[in-house]
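Shown below: model-v6.csv, with CSV, N, CA and C atoms.
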```csv
chain,number,residue,atom,x,y,z
D,1,SER,N,-1.8,-9.5,11.4
D,1,SER,CA,-3.0,-10.0,12.1
D,1,SER,C,-4.0,-8.9,12.1
D,2,LYS,N,-5.2,-9.3,12.4
D,2,LYS,CA,-6.3,-8.3,12.5
D,2,LYS,C,-6.0,-7.3,13.6
D,3,GLY,N,-5.5,-7.8,14.7
D,3,GLY,CA,-5.2,-6.9,15.8
D,3,GLY,C,-4.2,-5.8,15.5
D,4,ARG,N,-3.2,-6.1,14.8
D,4,ARG,CA,-2.2,-5.1,14.3
D,4,ARG,C,-2.9,-4.1,13.3
D,5,GLY,N,-3.7,-4.6,12.5
D,5,GLY,CA,-4.4,-3.8,11.5
D,5,GLY,C,-5.3,-2.8,12.2
D,6,VAL,N,-6.0,-3.3,13.2
D,6,VAL,CA,-6.9,-2.4,14.0
D,6,VAL,C,-6.1,-1.4,14.8
D,7,LEU,N,-5.0,-1.7,15.4
D,7,LEU,CA,-4.2,-0.8,16.1
D,7,LEU,C,-3.8,0.4,15.1
D,8,LYS,N,-3.4,0.0,13.9
D,8,LYS,CA,-3.0,1.0,13.0
D,8,LYS,C,-4.1,1.9,12.6
D,9,TRP,N,-5.3,1.3,12.3
D,9,TRP,CA,-6.5,2.1,12.0
D,9,TRP,C,-6.9,3.0,13.1
D,10,LEU,N,-6.8,2.5,14.4
D,10,LEU,CA,-7.2,3.3,15.5
D,10,LEU,C,-6.3,4.5,15.7
D,11,SER,N,-5.0,4.3,15.4
D,11,SER,CA,-4.0,5.4,15.6
D,11,SER,C,-4.1,6.4,14.6
D,12,ASP,N,-4.7,6.2,13.4
D,12,ASP,CA,-4.8,7.1,12.3
D,12,ASP,C,-5.7,8.3,12.6
D,13,SER,N,-6.7,8.2,13.5
D,13,SER,CA,-7.6,9.2,13.7
D,13,SER,C,-8.1,9.2,15.2
D,14,LYS,N,-8.8,10.2,15.6
D,14,LYS,CA,-9.4,10.2,16.9
D,14,LYS,C,-10.9,9.8,16.8
D,15,TRP,N,-11.2,8.7,17.3
D,15,TRP,CA,-12.6,8.1,17.1
D,15,TRP,C,-13.4,8.4,18.4
D,16,ASP,N,-14.7,8.7,18.2
D,16,ASP,CA,-15.5,8.8,19.4
D,16,ASP,C,-16.5,7.6,19.5
D,17,PHE,N,-16.5,6.7,18.6
D,17,PHE,CA,-17.3,5.5,18.7
D,17,PHE,C,-16.5,4.4,17.9
D,18,VAL,N,-16.4,3.2,18.5
D,18,VAL,CA,-15.8,2.1,17.9
D,18,VAL,C,-16.6,0.9,18.2
D,19,LEU,N,-17.0,0.1,17.2
D,19,LEU,CA,-17.8,-1.1,17.3
D,19,LEU,C,-17.1,-2.2,16.5
D,20,ALA,N,-16.8,-3.3,17.2
D,20,ALA,CA,-16.2,-4.5,16.5
D,20,ALA,C,-17.2,-5.6,16.7
D,21,ILE,N,-17.5,-6.3,15.6
D,21,ILE,CA,-18.4,-7.4,15.6
D,21,ILE,C,-17.7,-8.6,14.9
D,22,GLY,N,-17.6,-9.7,15.6
D,22,GLY,CA,-16.9,-10.9,15.0
D,22,GLY,C,-17.5,-12.2,15.4
D,23,ASP,N,-17.2,-13.2,14.6
D,23,ASP,CA,-17.7,-14.5,14.9
D,23,ASP,C,-16.7,-15.7,14.9
D,24,ASP,N,-15.4,-15.3,14.8
D,24,ASP,CA,-14.4,-16.4,14.9
D,24,ASP,C,-13.2,-16.0,15.7
D,25,TRP,N,-12.3,-17.0,15.9
D,25,TRP,CA,-11.2,-16.8,16.8
D,25,TRP,C,-10.3,-15.6,16.4
D,26,THR,N,-10.2,-15.4,15.1
D,26,THR,CA,-9.3,-14.3,14.6
D,26,THR,C,-9.8,-12.9,15.1
D,27,ASP,N,-11.1,-12.8,15.3
D,27,ASP,CA,-11.7,-11.6,15.7
D,27,ASP,C,-11.4,-11.3,17.2
D,28,GLU,N,-10.9,-12.3,17.9
D,28,GLU,CA,-10.5,-12.1,19.3
D,28,GLU,C,-9.2,-11.2,19.3
D,29,GLU,N,-8.4,-11.3,18.3
D,29,GLU,CA,-7.2,-10.4,18.2
D,29,GLU,C,-7.7,-8.9,18.2
D,30,VAL,N,-8.8,-8.7,17.6
D,30,VAL,CA,-9.3,-7.3,17.5
D,30,VAL,C,-9.8,-6.9,18.9
D,31,VAL,N,-10.6,-7.7,19.5
D,31,VAL,CA,-11.2,-7.4,20.8
D,31,VAL,C,-10.1,-7.1,21.8
D,32,GLU,N,-9.0,-7.8,21.7
D,32,GLU,CA,-7.9,-7.7,22.7
D,32,GLU,C,-7.2,-6.3,22.6
D,33,VAL,N,-7.2,-5.7,21.4
D,33,VAL,CA,-6.5,-4.4,21.3
D,33,VAL,C,-7.4,-3.2,21.3
D,34,LEU,N,-8.7,-3.4,21.4
D,34,LEU,CA,-9.6,-2.2,21.4
D,34,LEU,C,-9.5,-1.4,22.7
D,35,PRO,N,-9.7,-0.1,22.6
D,35,PRO,CA,-9.7,0.7,23.8
D,35,PRO,C,-10.9,0.2,24.8
D,36,GLU,N,-10.7,0.5,26.0
D,36,GLU,CA,-11.7,0.1,27.0
D,36,GLU,C,-13.1,0.6,26.7
D,37,TRP,N,-13.2,1.8,26.1
D,37,TRP,CA,-14.5,2.4,25.8
D,37,TRP,C,-15.2,1.9,24.6
D,38,ALA,N,-14.5,1.0,23.8
D,38,ALA,CA,-15.0,0.5,22.6
D,38,ALA,C,-16.1,-0.6,22.9
D,39,TYR,N,-17.0,-0.8,21.9
D,39,TYR,CA,-18.0,-1.8,22.0
D,39,TYR,C,-17.5,-3.0,21.2
D,40,SER,N,-17.7,-4.2,21.8
D,40,SER,CA,-17.3,-5.4,21.1
D,40,SER,C,-18.4,-6.5,21.3
D,41,ILE,N,-18.7,-7.2,20.2
D,41,ILE,CA,-19.8,-8.2,20.2
D,41,ILE,C,-19.3,-9.5,19.5
D,42,LYS,N,-19.5,-10.5,20.3
D,42,LYS,CA,-19.2,-11.9,19.7
D,42,LYS,C,-20.5,-12.4,19.1
D,43,VAL,N,-20.4,-12.9,17.9
D,43,VAL,CA,-21.6,-13.5,17.2
D,43,VAL,C,-21.5,-15.0,17.4
D,44,GLY,N,-22.5,-15.6,17.9
D,44,GLY,CA,-22.5,-17.0,18.1
D,44,GLY,C,-22.1,-17.4,19.5
D,45,VAL,N,-22.0,-18.7,19.7
D,45,VAL,CA,-21.6,-19.3,21.0
D,45,VAL,C,-20.1,-19.4,21.1
D,46,GLY,N,-19.6,-19.5,22.3
D,46,GLY,CA,-18.2,-19.7,22.5
D,46,GLY,C,-17.6,-18.7,23.5
D,47,ILE,N,-16.5,-19.0,24.0
D,47,ILE,CA,-15.8,-18.1,24.9
D,47,ILE,C,-15.2,-16.9,24.1
D,48,SER,N,-15.4,-15.7,24.7
D,48,SER,CA,-14.9,-14.5,24.1
D,48,SER,C,-14.6,-13.4,25.1
D,49,LYS,N,-13.7,-12.5,24.7
D,49,LYS,CA,-13.4,-11.4,25.6
D,49,LYS,C,-14.3,-10.2,25.2
D,50,ALA,N,-15.1,-10.4,24.2
D,50,ALA,CA,-16.1,-9.3,23.8
D,50,ALA,C,-17.0,-9.0,25.0
D,51,LYS,N,-17.4,-7.7,25.0
D,51,LYS,CA,-18.3,-7.3,26.0
D,51,LYS,C,-19.7,-7.8,25.9
D,52,PHE,N,-20.2,-8.1,24.7
D,52,PHE,CA,-21.5,-8.5,24.4
D,52,PHE,C,-21.5,-9.7,23.5
D,53,ASN,N,-22.7,-10.4,23.5
D,53,ASN,CA,-22.9,-11.6,22.7
D,53,ASN,C,-24.2,-11.5,22.0
D,54,ILE,N,-24.2,-11.8,20.7
D,54,ILE,CA,-25.4,-11.9,19.9
D,54,ILE,C,-25.5,-13.3,19.3
D,55,PRO,N,-26.6,-13.9,19.4
D,55,PRO,CA,-26.7,-15.3,18.9
D,55,PRO,C,-26.4,-15.6,17.4
D,56,SER,N,-26.8,-14.7,16.5
D,56,SER,CA,-26.5,-15.0,15.1
D,56,SER,C,-26.5,-13.7,14.3
D,57,TYR,N,-26.1,-13.8,13.0
D,57,TYR,CA,-26.0,-12.7,12.1
D,57,TYR,C,-27.3,-12.0,11.9
D,58,ILE,N,-28.4,-12.7,12.1
D,58,ILE,CA,-29.8,-12.2,12.0
D,58,ILE,C,-30.0,-11.0,13.0
D,59,GLU,N,-29.6,-11.3,14.2
D,59,GLU,CA,-29.7,-10.3,15.3
D,59,GLU,C,-28.7,-9.1,15.0
D,60,VAL,N,-27.5,-9.4,14.5
D,60,VAL,CA,-26.6,-8.4,14.1
D,60,VAL,C,-27.2,-7.4,13.1
D,61,ARG,N,-27.8,-8.0,12.1
D,61,ARG,CA,-28.4,-7.1,11.1
D,61,ARG,C,-29.5,-6.3,11.7
D,62,ALA,N,-30.3,-6.8,12.6
D,62,ALA,CA,-31.4,-6.1,13.2
D,62,ALA,C,-30.8,-4.9,14.1
D,63,LEU,N,-29.7,-5.2,14.8
D,63,LEU,CA,-29.0,-4.2,15.6
D,63,LEU,C,-28.5,-3.1,14.7
D,64,LEU,N,-27.8,-3.4,13.6
D,64,LEU,CA,-27.3,-2.4,12.8
D,64,LEU,C,-28.4,-1.5,12.1
D,65,LYS,N,-29.5,-2.2,11.8
D,65,LYS,CA,-30.6,-1.5,11.2
D,65,LYS,C,-31.2,-0.4,12.3
D,66,GLU,N,-31.3,-0.9,13.5
D,66,GLU,CA,-31.8,0.1,14.6
D,66,GLU,C,-30.8,1.2,14.8
D,67,MET,N,-29.5,0.9,14.8
D,67,MET,CA,-28.5,1.9,15.0
D,67,MET,C,-28.5,2.9,13.8
D,68,GLY,N,-28.8,2.4,12.6
D,68,GLY,CA,-28.9,3.3,11.5
D,68,GLY,C,-30.0,4.3,11.6
D,69,LYS,N,-31.1,4.0,12.4
D,69,LYS,CA,-32.2,4.9,12.6
D,69,LYS,C,-31.8,6.0,13.5
D,70,VAL,N,-30.9,5.8,14.4
D,70,VAL,CA,-30.4,6.8,15.4
D,70,VAL,C,-29.5,7.8,14.7
D,71,TRP,N,-28.6,7.3,13.8
D,71,TRP,CA,-27.7,8.2,13.2
D,71,TRP,C,-28.2,8.7,11.9
```

Take the structure in the file and give it back as structure tokens.
Amino acid sequence: SKGRGVLKWLSDSKWDFVLAIGDDWTDEEVVEVLPEWAYSIKVGVGISKAKFNIPSYIEVRALLKEMGKVW
């Protein structure tokens, strides 16, 4: 599952920033295993355990573009 994959990935290194963005039910497995300090975004409508919601992939692209300017 995506959740098990993310747990493995997270355990391989010490991360200071984690961002998960997803648009379907399988991405909820990821959200459920993220550390409390991680950022999670649900794309589209629907119930989610993600901390934030973005209406569509267009806004996701804009967000990532802005984040790229900071780093």

- Item | Shortest interatomic distance to Glu29 (chain D) - which of D:Lys8, D:Lys51, D:Lys2, D:Leu64, counting all atoms listed in the file |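 The answer is D:Lys2, which sits nearest to Glu29 (chain D).
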
- How far is it from atom N of Leu7 (chain D) to atom C of Asp27 (chain D), in Å with one decimal? 11.7 Å

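The shortest atom-to-atom distance to Val45 (chain D), with only N, CA and C atoms taken into account, belongs to D:Asp23 out of D:Gly5, D:Val70, D:Asp23, D:Ser13.
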
- Message: Considering only helix (DSSP H, G or I) as DSSP defines it on the backbone, what residues of chain D qualify? List them as a PyMOL selection string.
- Response: chain D and resi 2-12+27-33+57-70

All residues 12 Å or closer to Trp15 (chain D), only C-alpha atoms, same chain fewer than 2 positions away omitted, as a PDB file with N, CA and C atoms, keeping the file's coordinate frame:
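Done, and the output landed in selection-v8.pdb:
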```
ATOM      1  N   TRP D   9      -5.300   1.300  12.300  1.00  0.00           N
ATOM      2  CA  TRP D   9      -6.500   2.100  12.000  1.00  0.00           C
ATOM      3  C   TRP D   9      -6.900   3.000  13.100  1.00  0.00           C
ATOM      4  N   LEU D  10      -6.800   2.500  14.400  1.00  0.00           N
ATOM      5  CA  LEU D  10      -7.200   3.300  15.500  1.00  0.00           C
ATOM      6  C   LEU D  10      -6.300   4.500  15.700  1.00  0.00           C
ATOM      7  N   SER D  11      -5.000   4.300  15.400  1.00  0.00           N
ATOM      8  CA  SER D  11      -4.000   5.400  15.600  1.00  0.00           C
ATOM      9  C   SER D  11      -4.100   6.400  14.600  1.00  0.00           C
ATOM     10  N   ASP D  12      -4.700   6.200  13.400  1.00  0.00           N
ATOM     11  CA  ASP D  12      -4.800   7.100  12.300  1.00  0.00           C
ATOM     12  C   ASP D  12      -5.700   8.300  12.600  1.00  0.00           C
ATOM     13  N   SER D  13      -6.700   8.200  13.500  1.00  0.00           N
ATOM     14  CA  SER D  13      -7.600   9.200  13.700  1.00  0.00           C
ATOM     15  C   SER D  13      -8.100   9.200  15.200  1.00  0.00           C
ATOM     16  N   PHE D  17     -16.500   6.700  18.600  1.00  0.00           N
ATOM     17  CA  PHE D  17     -17.300   5.500  18.700  1.00  0.00           C
ATOM     18  C   PHE D  17     -16.500   4.400  17.900  1.00  0.00           C
ATOM     19  N   VAL D  18     -16.400   3.200  18.500  1.00  0.00           N
ATOM     20  CA  VAL D  18     -15.800   2.100  17.900  1.00  0.00           C
ATOM     21  C   VAL D  18     -16.600   0.900  18.200  1.00  0.00           C
ATOM     22  N   LEU D  19     -17.000   0.100  17.200  1.00  0.00           N
ATOM     23  CA  LEU D  19     -17.800  -1.100  17.300  1.00  0.00           C
ATOM     24  C   LEU D  19     -17.100  -2.200  16.500  1.00  0.00           C
ATOM     25  N   LEU D  34      -8.700  -3.400  21.400  1.00  0.00           N
ATOM     26  CA  LEU D  34      -9.600  -2.200  21.400  1.00  0.00           C
ATOM     27  C   LEU D  34      -9.500  -1.400  22.700  1.00  0.00           C
ATOM     28  N   PRO D  35      -9.700  -0.100  22.600  1.00  0.00           N
ATOM     29  CA  PRO D  35      -9.700   0.700  23.800  1.00  0.00           C
ATOM     30  C   PRO D  35     -10.900   0.200  24.800  1.00  0.00           C
ATOM     31  N   TRP D  37     -13.200   1.800  26.100  1.00  0.00           N
ATOM     32  CA  TRP D  37     -14.500   2.400  25.800  1.00  0.00           C
ATOM     33  C   TRP D  37     -15.200   1.900  24.600  1.00  0.00           C
ATOM     34  N   ALA D  38     -14.500   1.000  23.800  1.00  0.00           N
ATOM     35  CA  ALA D  38     -15.000   0.500  22.600  1.00  0.00           C
ATOM     36  C   ALA D  38     -16.100  -0.600  22.900  1.00  0.00           C
TER      37      ALA D  38
END
```

- A straight line from CA of Pro55 (chain D) to atom N of Lys42 (chain D) spans 8.8 Å

- Query: Which value, in Å to one decimal, gives the distance between CA of Val30 (chain D) and atom C of Gly3 (chain D)?
  - Reply: 5.7 Å

- Item | Contacts of Tyr57 (chain D) at 9 Å (only C-alpha atoms; same-chain gap of 5+ positions) as a list of chain:residue names |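 So the residues in contact are D:Asp23, D:Val43, D:Gly44, D:Ala62.
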